[in-house]
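Worksheet: the structure to be examined is printed underneath.
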Amino acid sequence: MIWLTWRQFRVQFLVVAAVILAAGITLAITGPGLADDYRRLTTSFIQNLGFQRLNPLLYWIGQILLYAAPPVIGAFWGAPLVARELETGTYRLVWSQSIGRRRWLATKLGLAGGAAIAITGLLSLAVTWWSDPIDSAINAGQDSNTYLPRMFPSVFSGRGPVPVGYAAFAFAFGVAAGLVIRRTVVALAVTLTVVILVQILTPTLIRPHLLEPTDKYIVATAENVRGFGLTGDGPSPQVKELEVATGAVGAWKLSDETVDKSGKAVSTLPSWVIDCAPVPPGMTQQGTSPADRSACYHRLADEGYRQHVRYYTANTFWNLQWREFGLFLGLALLLCGFSFWRIRRDLS
């Protein structure tokens, strides 16, 4: 049974494994040089990366591969694994050879699912290790318009165990979808769509609730406010980068809203607040001198208006990583359990 499963699965495995192996070898060769640059250049490390071509390219390739791995594994490994045999009817031949349906499914899940977790885990380990100098430099406060702190959603899912959890979930969902739909192409399309949607929606709908964020109330001043945007029906100050406003370098801001002295969010501030807005360079406007703006901010503070900011600090990275990994691994196990129930109950 193991040999049969391998022969059916080997093409998909070898294609993905070849790509991952090539990426891993490249990262292993270039990683020590990147780490040496970080130790040697210290505070100018990120600036120096701007003059390089290979390392910035590898940085983004690693990110893309880790984001692409779960939907590819789910759609092209998980979905056809069972759906193809149900669609063609070949499963009956296997079951007639004294191999029960649960053993048949367990062998497929164990071999292909284990390979999916191992491949994604090795790639994530390589990318996380290779990117560590860049992540450390950003978390140390080095400025960059190209690289973001690893807590940010666009980077977070390309590090640590989280991609492995996504891959396990994607594979298990693909198998379950194949069992229910029994059409390979349809199951593939459904799996691809669902996994990509999960990757897009998780940072907004799930991740902010996995840990208790840091809450901070900030009195608005000219130094810690970026400018004024429209919140609801009126102007509202927006806090600058968190390291400026709170000293939390490398943090991920979840929310930023204006509250009154009772702590209640407000959508409209008094009309005089617009005088706090700084004048764009090269323009003049009556009533917005530095003295006027200073008085305006004092008045905001006196009337009890503050900025309520919620954020995850940089040191919560690994805790959040393991919680999100555990969530999706748990979902994968539930989907596997559903698959065993489905194949026992609904297939003749």
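Please note that chains go A, B, ... in the order of the structure tokens, that every chain numbers its residues from 1, and that ligands are numbered from 1 in the order shown.
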- [ ] Tell me which protein, DNA and RNA residues are within 7 Å of range 323-335 of chain A, counting only C-alpha atoms, leaving out same-chain ones fewer than 5 positions away, and put them as a VMD selection string.
- [x] chain A and resid 161 to 162 165 to 166 168 to 169 172 to 173 176 210
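Near Trp130 in chain A, within 9 Å and counting only C-alpha atoms, sit Leu27, Ala28, Thr30, Gly31, Pro32, Leu34, Ala35, Tyr59, Leu125, Ala126 and Ile134 of chain A; same-chain residues fewer than 4 positions away were not included.
By chain and then residue number, the residues within 8 Å of Gly178 in chain A are Gly78, Ala79, Pro80, Leu81, Val82, Ala83, Arg84, Thr184, Ala187 and Leu188 of chain A, counting only C-alpha atoms and disregarding those fewer than 6 positions away in sequence.
Within 8 Å of Gly160 in chain A, once only C-alpha atoms are used and residues closer than 2 positions along the same chain are dropped, the contacting residues are A:Ser124, A:Leu125, A:Thr128, A:Ser157, A:Gly158, A:Val162, A:Pro163, A:Trp318, A:Gln321.
The shortest atom-to-atom distance to Tyr305 in chain A, with only C-alpha atoms taken into account, belongs to A:Ala220 out of A:Ile343, A:Ala17, A:Ile64, A:Ala220.
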